[in-house]
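The data block below is target-v5.txt; it holds compact mmCIF, C-alpha atoms and all ligand atoms.
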```txt
# COMPACT_ATOMS: atom_id res chain seq x y z
CA MET A 1 -7.50 -5.67 30.08
CA PRO A 2 -9.13 -3.58 27.35
CA VAL A 3 -12.93 -3.39 27.16
CA ILE A 4 -14.21 -2.35 23.73
CA SER A 5 -17.48 -1.62 21.94
CA ASP A 6 -16.08 -1.07 18.41
CA PRO A 7 -14.22 -4.08 16.90
CA SER A 8 -11.52 -1.85 15.38
CA GLU A 9 -10.47 -0.57 18.82
CA PHE A 10 -8.50 -3.69 19.74
CA ASN A 11 -5.13 -4.59 18.25
CA GLU A 12 -2.36 -6.59 19.92
CA GLU A 13 0.75 -4.45 19.49
CA GLN A 14 3.38 -6.01 21.70
CA LEU A 15 3.67 -9.64 20.65
CA TYR A 16 6.91 -10.93 19.09
CA VAL A 17 8.04 -14.51 18.39
CA ASP A 18 11.75 -15.18 18.90
CA LEU A 19 12.57 -17.43 15.93
CA ARG A 20 15.87 -18.61 17.42
CA VAL A 21 13.97 -21.47 19.05
CA ALA A 22 11.62 -22.51 16.20
CA LEU A 23 13.98 -21.96 13.23
CA GLY A 24 17.43 -21.25 14.67
CA LEU A 25 17.12 -17.78 13.13
CA PRO A 26 18.14 -14.61 15.04
CA LEU A 27 14.91 -12.80 14.17
CA TYR A 28 11.99 -11.40 16.14
CA LEU A 29 8.64 -11.67 14.39
CA LYS A 30 6.15 -8.91 15.15
CA CYS A 31 2.71 -10.55 15.10
CA GLU A 32 0.04 -8.38 13.51
CA GLY A 33 -2.74 -10.94 13.16
CA PHE A 34 -4.32 -10.60 16.59
CA ASN A 35 -7.28 -8.31 16.06
CA PHE A 36 -10.89 -8.84 14.90
CA ALA A 37 -9.90 -8.45 11.23
CA GLY A 38 -7.09 -10.98 11.67
CA SER A 39 -4.41 -8.93 9.93
CA ILE A 40 -2.22 -5.85 9.79
CA LYS A 41 -4.61 -4.38 7.22
CA LEU A 42 -6.91 -3.26 10.04
CA LYS A 43 -4.47 -0.41 10.70
CA ALA A 44 -4.58 0.94 7.13
CA ALA A 45 -8.34 0.38 6.84
CA ARG A 46 -9.08 2.31 10.02
CA GLU A 47 -6.74 5.18 9.13
CA MET A 48 -8.23 5.57 5.61
CA VAL A 49 -11.87 5.29 6.78
CA GLU A 50 -11.43 7.81 9.59
CA ALA A 51 -9.70 10.32 7.27
CA ALA A 52 -12.56 9.95 4.75
CA GLU A 53 -15.10 10.49 7.55
CA ARG A 54 -13.27 13.62 8.74
CA ASN A 55 -13.12 14.98 5.18
CA GLY A 56 -16.83 14.35 4.65
CA ILE A 57 -16.17 11.93 1.75
CA LEU A 58 -17.67 9.03 3.69
CA ARG A 59 -21.22 9.75 4.89
CA PRO A 60 -24.27 7.78 6.03
CA GLY A 61 -25.53 5.93 2.94
CA SER A 62 -22.05 5.63 1.38
CA VAL A 63 -20.96 2.32 -0.08
CA LEU A 64 -17.25 1.62 0.19
CA VAL A 65 -15.65 -0.13 -2.77
CA GLU A 66 -12.08 -1.37 -2.78
CA SER A 67 -9.78 -3.66 -4.70
CA SER A 68 -8.20 -6.11 -2.27
CA SER A 69 -6.46 -9.47 -2.33
CA GLY A 70 -8.37 -10.32 0.85
CA ASN A 71 -7.11 -8.87 4.09
CA LEU A 72 -7.96 -5.21 3.48
CA GLY A 73 -11.34 -6.43 2.28
CA VAL A 74 -11.94 -8.29 5.55
CA ALA A 75 -10.83 -5.26 7.59
CA LEU A 76 -13.09 -2.89 5.63
CA SER A 77 -15.98 -5.38 5.93
CA MET A 78 -15.59 -5.33 9.69
CA ILE A 79 -15.42 -1.53 9.88
CA ALA A 80 -18.29 -1.07 7.40
CA ALA A 81 -20.46 -3.48 9.44
CA SER A 82 -19.73 -1.70 12.71
CA ARG A 83 -20.28 1.82 11.29
CA GLY A 84 -23.26 1.15 9.03
CA TYR A 85 -21.70 1.54 5.56
CA GLY A 86 -22.12 -0.82 2.63
CA PHE A 87 -18.98 -2.47 1.23
CA LEU A 88 -18.19 -4.12 -2.08
CA CYS A 89 -14.83 -5.85 -2.38
CA VAL A 90 -13.34 -6.41 -5.84
CA THR A 91 -10.88 -9.27 -5.66
CA ASP A 92 -9.56 -12.02 -7.95
CA SER A 93 -9.39 -15.78 -8.17
CA ARG A 94 -6.25 -15.94 -5.94
CA CYS A 95 -8.22 -14.60 -2.96
CA ASN A 96 -8.63 -17.27 -0.26
CA ARG A 97 -12.07 -18.87 -0.05
CA ALA A 98 -11.97 -18.20 3.71
CA SER A 99 -11.49 -14.45 3.19
CA ILE A 100 -14.43 -14.32 0.76
CA ARG A 101 -16.65 -16.19 3.24
CA LEU A 102 -15.54 -13.86 6.04
CA MET A 103 -16.39 -10.75 4.03
CA GLU A 104 -19.80 -12.16 3.08
CA SER A 105 -20.51 -13.14 6.68
CA LEU A 106 -19.78 -9.57 7.71
CA GLY A 107 -22.45 -8.39 5.24
CA SER A 108 -20.22 -7.32 2.34
CA HIS A 109 -20.55 -8.13 -1.34
CA VAL A 110 -17.58 -9.68 -3.13
CA HIS A 111 -16.89 -9.51 -6.86
CA VAL A 112 -14.25 -11.95 -8.09
CA ILE A 113 -12.30 -11.14 -11.29
CA ASP A 114 -11.40 -14.41 -13.03
CA ASP A 115 -9.65 -13.19 -16.16
CA PRO A 116 -6.13 -11.79 -15.76
CA ASP A 117 -4.74 -8.77 -17.62
CA ALA A 118 -2.46 -9.24 -20.63
CA ASP A 119 0.56 -9.34 -18.26
CA GLY A 120 -0.92 -12.25 -16.31
CA GLY A 121 -1.77 -10.13 -13.25
CA PHE A 122 -5.24 -9.16 -12.02
CA LEU A 123 -4.70 -5.73 -10.50
CA GLY A 124 -5.34 -3.71 -13.67
CA ALA A 125 -8.64 -5.54 -14.26
CA ARG A 126 -9.68 -5.09 -10.61
CA ILE A 127 -9.00 -1.36 -10.72
CA ASP A 128 -10.84 -0.92 -14.04
CA TYR A 129 -13.88 -2.56 -12.46
CA VAL A 130 -13.71 -0.27 -9.40
CA ARG A 131 -13.41 2.85 -11.59
CA ALA A 132 -16.42 1.80 -13.67
CA LEU A 133 -18.50 1.26 -10.51
CA CYS A 134 -17.57 4.66 -9.08
CA ALA A 135 -18.48 6.33 -12.39
CA SER A 136 -21.88 4.59 -12.32
CA ASP A 137 -23.12 5.75 -8.89
CA PRO A 138 -22.00 8.64 -6.64
CA ARG A 139 -22.71 6.62 -3.46
CA TYR A 140 -19.61 4.52 -4.12
CA VAL A 141 -16.51 5.69 -2.24
CA TRP A 142 -13.13 4.25 -3.28
CA LEU A 143 -10.48 4.82 -0.61
CA ASN A 144 -7.86 3.52 -3.08
CA GLN A 145 -5.30 1.79 -0.88
CA TYR A 146 -2.76 1.97 -3.73
CA GLU A 147 -2.51 5.77 -3.54
CA ASN A 148 -4.08 6.77 -0.22
CA PRO A 149 -1.43 8.29 2.14
CA GLY A 150 -3.44 6.91 5.09
CA ASN A 151 -2.19 3.47 4.03
CA TRP A 152 1.43 4.31 4.94
CA ARG A 153 0.60 6.87 7.64
CA ALA A 154 -1.07 4.14 9.72
CA HIS A 155 2.31 2.42 10.03
CA TYR A 156 4.23 5.67 10.51
CA ARG A 157 1.95 6.45 13.45
CA THR A 158 1.76 2.95 14.97
CA THR A 159 3.83 0.01 13.62
CA ALA A 160 7.25 1.69 13.39
CA PRO A 161 7.17 3.44 16.80
CA GLU A 162 5.85 0.24 18.41
CA ILE A 163 8.91 -1.64 17.08
CA ALA A 164 11.33 1.16 18.05
CA ARG A 165 9.97 1.25 21.62
CA ARG A 166 10.46 -2.51 22.06
CA PHE A 167 13.82 -2.67 20.19
CA PRO A 168 15.64 0.65 20.69
CA ASP A 169 18.84 -0.92 19.29
CA LEU A 170 17.22 -2.33 16.17
CA ASP A 171 19.68 -2.92 13.30
CA VAL A 172 17.52 -4.30 10.51
CA LEU A 173 13.80 -4.43 9.73
CA PHE A 174 12.31 -6.82 7.16
CA VAL A 175 8.99 -5.76 5.66
CA GLY A 176 6.96 -7.47 2.95
CA ALA A 177 5.87 -5.29 0.03
CA GLY A 178 2.30 -5.37 -1.28
CA THR A 179 0.86 -1.88 -1.76
CA THR A 180 4.04 -0.90 0.19
CA GLY A 181 1.97 0.93 2.82
CA THR A 182 3.61 -0.97 5.70
CA LEU A 183 7.06 -0.67 4.12
CA MET A 184 6.86 3.07 3.38
CA GLY A 185 5.28 3.98 6.73
CA CYS A 186 8.02 2.16 8.66
CA ALA A 187 10.85 3.31 6.35
CA ARG A 188 9.76 6.95 6.59
CA TRP A 189 9.51 6.82 10.39
CA PHE A 190 13.01 5.36 10.92
CA TRP A 191 14.45 7.86 8.41
CA GLN A 192 12.61 10.83 9.95
CA TRP A 193 13.84 9.96 13.46
CA ARG A 194 17.40 9.38 12.18
CA ARG A 195 17.51 5.80 13.43
CA PRO A 196 20.36 3.78 11.85
CA VAL A 197 18.08 0.91 10.86
CA ARG A 198 18.51 -0.97 7.56
CA ILE A 199 15.15 -1.32 5.86
CA VAL A 200 14.94 -4.51 3.80
CA ALA A 201 11.93 -4.96 1.51
CA VAL A 202 10.82 -8.52 0.86
CA ASP A 203 9.03 -9.23 -2.41
CA SER A 204 7.92 -12.38 -4.19
CA VAL A 205 9.46 -13.60 -7.44
CA GLY A 206 7.05 -12.70 -10.26
CA SER A 207 6.21 -9.31 -8.75
CA VAL A 208 7.11 -6.15 -10.68
CA THR A 209 7.42 -3.90 -7.60
CA PHE A 210 11.22 -3.57 -7.71
CA GLY A 211 11.58 -4.02 -11.46
CA GLY A 212 11.61 -7.81 -11.83
CA PRO A 213 9.83 -9.50 -14.75
CA PRO A 214 6.13 -10.35 -14.16
CA GLY A 215 5.34 -13.98 -13.42
CA ARG A 216 2.71 -16.21 -11.87
CA ARG A 217 2.16 -15.71 -8.12
CA MET A 218 -0.34 -17.84 -6.24
CA ILE A 219 -0.08 -16.41 -2.70
CA PRO A 220 -2.09 -13.22 -2.11
CA GLY A 221 -0.80 -10.25 -0.11
CA LEU A 222 2.74 -9.60 -1.27
CA GLY A 223 3.92 -8.60 -4.72
CA THR A 224 2.04 -6.86 -7.49
CA SER A 225 1.57 -6.80 -11.25
CA VAL A 226 1.36 -2.96 -11.36
CA PRO A 227 4.18 -0.83 -9.82
CA PRO A 228 2.94 0.54 -6.45
CA ALA A 229 2.31 4.30 -6.48
CA LEU A 230 3.22 4.61 -2.77
CA LEU A 231 6.73 3.20 -3.22
CA ASP A 232 9.73 5.53 -2.93
CA VAL A 233 12.80 3.33 -3.28
CA SER A 234 15.11 6.04 -1.90
CA TYR A 235 13.99 4.98 1.61
CA ILE A 236 14.81 1.29 1.03
CA ASP A 237 18.27 -0.15 1.73
CA ASP A 238 17.90 -3.62 0.23
CA VAL A 239 15.42 -5.84 -1.58
CA VAL A 240 15.14 -9.62 -1.27
CA ARG A 241 13.01 -11.73 -3.61
CA VAL A 242 11.53 -15.04 -2.52
CA GLU A 243 10.27 -17.99 -4.59
CA GLU A 244 6.84 -19.27 -3.54
CA PRO A 245 8.03 -22.85 -2.82
CA ASP A 246 10.40 -21.31 -0.20
CA THR A 247 7.45 -19.44 1.30
CA VAL A 248 5.45 -22.65 1.59
CA HIS A 249 8.43 -24.49 3.09
CA VAL A 250 8.94 -21.86 5.81
CA CYS A 251 5.22 -21.70 6.66
CA ARG A 252 5.10 -25.47 7.10
CA ARG A 253 8.29 -25.52 9.19
CA LEU A 254 6.78 -22.90 11.49
CA ALA A 255 3.50 -24.83 11.68
CA ALA A 256 5.49 -27.93 12.67
CA ARG A 257 6.60 -25.91 15.72
CA GLY A 258 3.02 -24.79 16.48
CA PHE A 259 3.13 -21.36 14.82
CA MET A 260 0.54 -21.06 12.01
CA PHE A 261 1.27 -17.88 10.07
CA GLY A 262 -0.03 -16.62 6.74
CA GLY A 263 1.69 -16.89 3.37
CA SER A 264 3.38 -13.51 3.40
CA THR A 265 4.92 -14.23 6.79
CA GLY A 266 6.58 -17.28 5.23
CA THR A 267 7.88 -15.01 2.45
CA VAL A 268 9.22 -12.38 4.85
CA VAL A 269 10.90 -14.96 7.10
CA SER A 270 12.41 -16.72 4.10
CA GLY A 271 13.69 -13.36 2.78
CA ALA A 272 15.13 -12.45 6.18
CA HIS A 273 16.84 -15.85 6.35
CA GLN A 274 18.41 -15.26 2.89
CA TRP A 275 19.58 -11.76 3.82
CA LEU A 276 20.99 -12.69 7.25
CA THR A 277 22.81 -15.69 5.74
CA GLU A 278 24.26 -13.62 2.86
CA HIS A 279 25.44 -10.94 5.28
CA GLY A 280 26.84 -13.59 7.63
CA ARG A 281 25.56 -11.77 10.70
CA ARG A 282 24.09 -13.42 13.81
CA ASP A 283 24.81 -10.50 16.12
CA LEU A 284 22.26 -8.07 14.66
CA THR A 285 18.98 -7.13 16.29
CA ALA A 286 16.55 -8.03 13.51
CA VAL A 287 12.76 -7.76 13.35
CA ALA A 288 10.34 -8.92 10.65
CA ILE A 289 6.66 -8.10 10.38
CA ALA A 290 4.15 -11.00 10.22
CA PRO A 291 0.99 -9.56 8.61
CA ASP A 292 -1.51 -12.32 9.46
CA LEU A 293 -2.08 -15.85 10.76
CA GLY A 294 -2.44 -19.19 9.00
CA GLU A 295 -6.11 -20.20 9.15
CA ARG A 296 -7.02 -18.38 5.92
CA TYR A 297 -4.41 -20.47 4.09
CA LEU A 298 -5.59 -23.98 5.07
CA ASP A 299 -6.78 -24.65 1.50
CA THR A 300 -3.60 -23.31 -0.09
CA VAL A 301 -0.26 -23.01 1.70
CA TYR A 302 -1.11 -25.73 4.22
CA ARG A 303 -2.77 -28.19 1.82
CA GLU A 304 -0.76 -31.17 0.61
CA GLY A 305 -0.29 -31.02 -3.18
CA TRP A 306 -0.73 -27.24 -3.40
CA PRO A 307 0.12 -25.31 -5.57
CA THR A 308 0.82 -28.01 -8.21
CA ASP A 309 -2.82 -29.12 -8.33
CA ALA A 310 -4.07 -25.51 -8.43
CA ILE A 311 -1.77 -24.70 -11.37
CA GLU A 312 -3.03 -27.78 -13.28
CA HIS A 313 -6.64 -26.77 -12.53
CA GLU A 314 -5.94 -23.22 -13.77
CA ALA A 315 -4.43 -24.57 -17.01
CA VAL A 316 -7.48 -26.78 -17.66
CA GLY A 317 -9.79 -23.79 -17.03
CA ALA A 318 -7.82 -21.56 -19.42
CA LEU A 319 -7.95 -24.26 -22.09
CA ALA A 320 -11.71 -24.62 -21.66
CA ARG A 321 -12.20 -20.82 -21.91
CA SER A 322 -10.12 -20.59 -25.07
CA ALA A 323 -11.92 -23.56 -26.73
C1 LIG B 1 -1.18 -11.01 4.21
C2 LIG B 1 -0.64 -9.73 3.72
N1 LIG B 1 0.67 -9.55 3.77
C3 LIG B 1 1.23 -8.43 3.32
C4 LIG B 1 0.49 -7.42 2.77
C5 LIG B 1 1.18 -6.21 2.21
O1 LIG B 1 1.06 -5.10 3.00
P1 LIG B 1 1.15 -3.68 2.31
O2 LIG B 1 -0.05 -3.55 1.43
O3 LIG B 1 1.13 -2.70 3.45
O4 LIG B 1 2.40 -3.62 1.52
C6 LIG B 1 -0.87 -7.57 2.70
C7 LIG B 1 -1.68 -6.55 2.07
O5 LIG B 1 -2.82 -6.74 1.74
C8 LIG B 1 -1.46 -8.75 3.18
O6 LIG B 1 -2.77 -8.95 3.12
```
Please express what this file holds, its structure, as structure tokens.
Ligand SMILES: Cc1ncc(COP(=O)(O)O)c(C=O)c1O
Amino acid sequence: MPVISDPSEFNEEQLYVDLRVALGLPLYLKCEGFNFAGSIKLKAAREMVEAAERNGILRPGSVLVESSSGNLGVALSMIAASRGYGFLCVTDSRCNRASIRLMESLGSHVHVIDDPDADGGFLGARIDYVRALCASDPRYVWLNQYENPGNWRAHYRTTAPEIARRFPDLDVLFVGAGTTGTLMGCARWFWQWRRPVRIVAVDSVGSVTFGGPPGRRMIPGLGTSVPPALLDVSYIDDVVRVEEPDTVHVCRRLAARGFMFGGSTGTVVSGAHQWLTEHGRRDLTAVAIAPDLGERYLDTVYREGWPTDAIEHEAVGALARSA
């Protein structure tokens, strides 16, 4: 049993759910939500913070600032609290209320961007705000998860070898794409070690990551409105795109079997289901990565009437703003 004094020291690395029982799907789900930050983003946050400390960029008195859809923000809040840094998270109106409350409870400040960019996304506006802050005060340190190699290296060092140790005969790995840190870290590791594993990226419809047209996305975590700088498609074998209603459906089916996972897990499982069905294969050893758990999504994915009511509310707000 581990005994810790720093909350970032603990992370459950060996838990998988066999989805043959819950969903009749030949897929093992690697659970990454069992740590004090509640998500896989703890790995990237810790890697980027420790590199910045080693390089002398992050010093006593520094204030971290980062654009996050929620989970990286919670992870950085936890690390900032335990190491004595300030932290300001720049997020947008799709961020879960629970994530905002968590960050504030950990002592962080949260700035919510309400107005989307011209393309309907929020990322450009979030990044502009972060850049302006950094230009205004040298105490601000932006780790920049969108370009920081620590984001993918965390998964090259930990996530991919953890999976390979448990499944030495792995055939296919399904990874959701947000900043693509998890995807690129895993893809690079399996390529580097010459493992014959198909890497399948799972994205949401409306995301521009793999060249699709931009569209409305309500679930934070996966997908983006600005092409991710970390992505190198030459490492990726296949891409599957998932509609948000399918995400919600899978999350609720899993919850009906007692497994409450977050929105992007529903997307990744739905994408894996699509891919395995299309390829007609039940004999493959397949793993998917589940980035977080379901509690942060009680007011969205798990609420009856969502997202229809949220879309109507958004439309009324936009009308009021334009009046
Ligand atoms: C819930 C959730 N799923 C998936 C991702 C995407 O992970 P990555 O940024 O490594 O692509 C994130 C990133 O914030 C997330 O919070």
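If you look at CA of Gly271 (chain A) and CA of Ser204 (chain A), they are 9.1 Å away from each other.
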**OP:** Just the residues within 12 Å of Ala286 (chain A), please, counting all atoms listed in the file, with nothing from its chain fewer than 3 positions along; format it as a VMD selection string.
**Re:** chain A and resid 16 to 20 25 to 30 163 to 164 166 to 175 197 to 200 269 272 to 273 275 to 276 281 to 283 289
**OP:** Would you mind listing what lies within 7 Å of Ser68 (chain A) as number ranges by chain, with all atoms listed in the file counted and same-chain residues fewer than 5 positions away left out?
**Re:** A: 73, 89-91
Using only the atoms of ligand LIG 1 (chain B) listed in the file, plus 5 Å on each side, state the axis-aligned box centre and edge lengths in Å rounded to one decimal, as AutoDock Vina command-line options.
```
--center_x -0.2 --center_y -6.9 --center_z 2.8 --size_x 15.2 --size_y 18.3 --size_z 12.8
```
**OP:** Please identify the residues whose atoms come within 6 Å of ligand LIG 1 (chain B), using all atoms listed in the file, and report them as number ranges by chain.
**Re:** A: 71-72, 176-182, 221-222, 264, 291-292
Original post:
What separation in Å, quoted to one decimal, exists between CA of Leu293 (chain A) and CA of Met260 (chain A)?
Top reply: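 A separation of 6.0 Å between them.
Taking only C-alpha atoms into account, Gly33 (chain A) lies nearest to A:Leu15 out of the set A:Val202, A:Leu15, A:Cys134, A:Val65.
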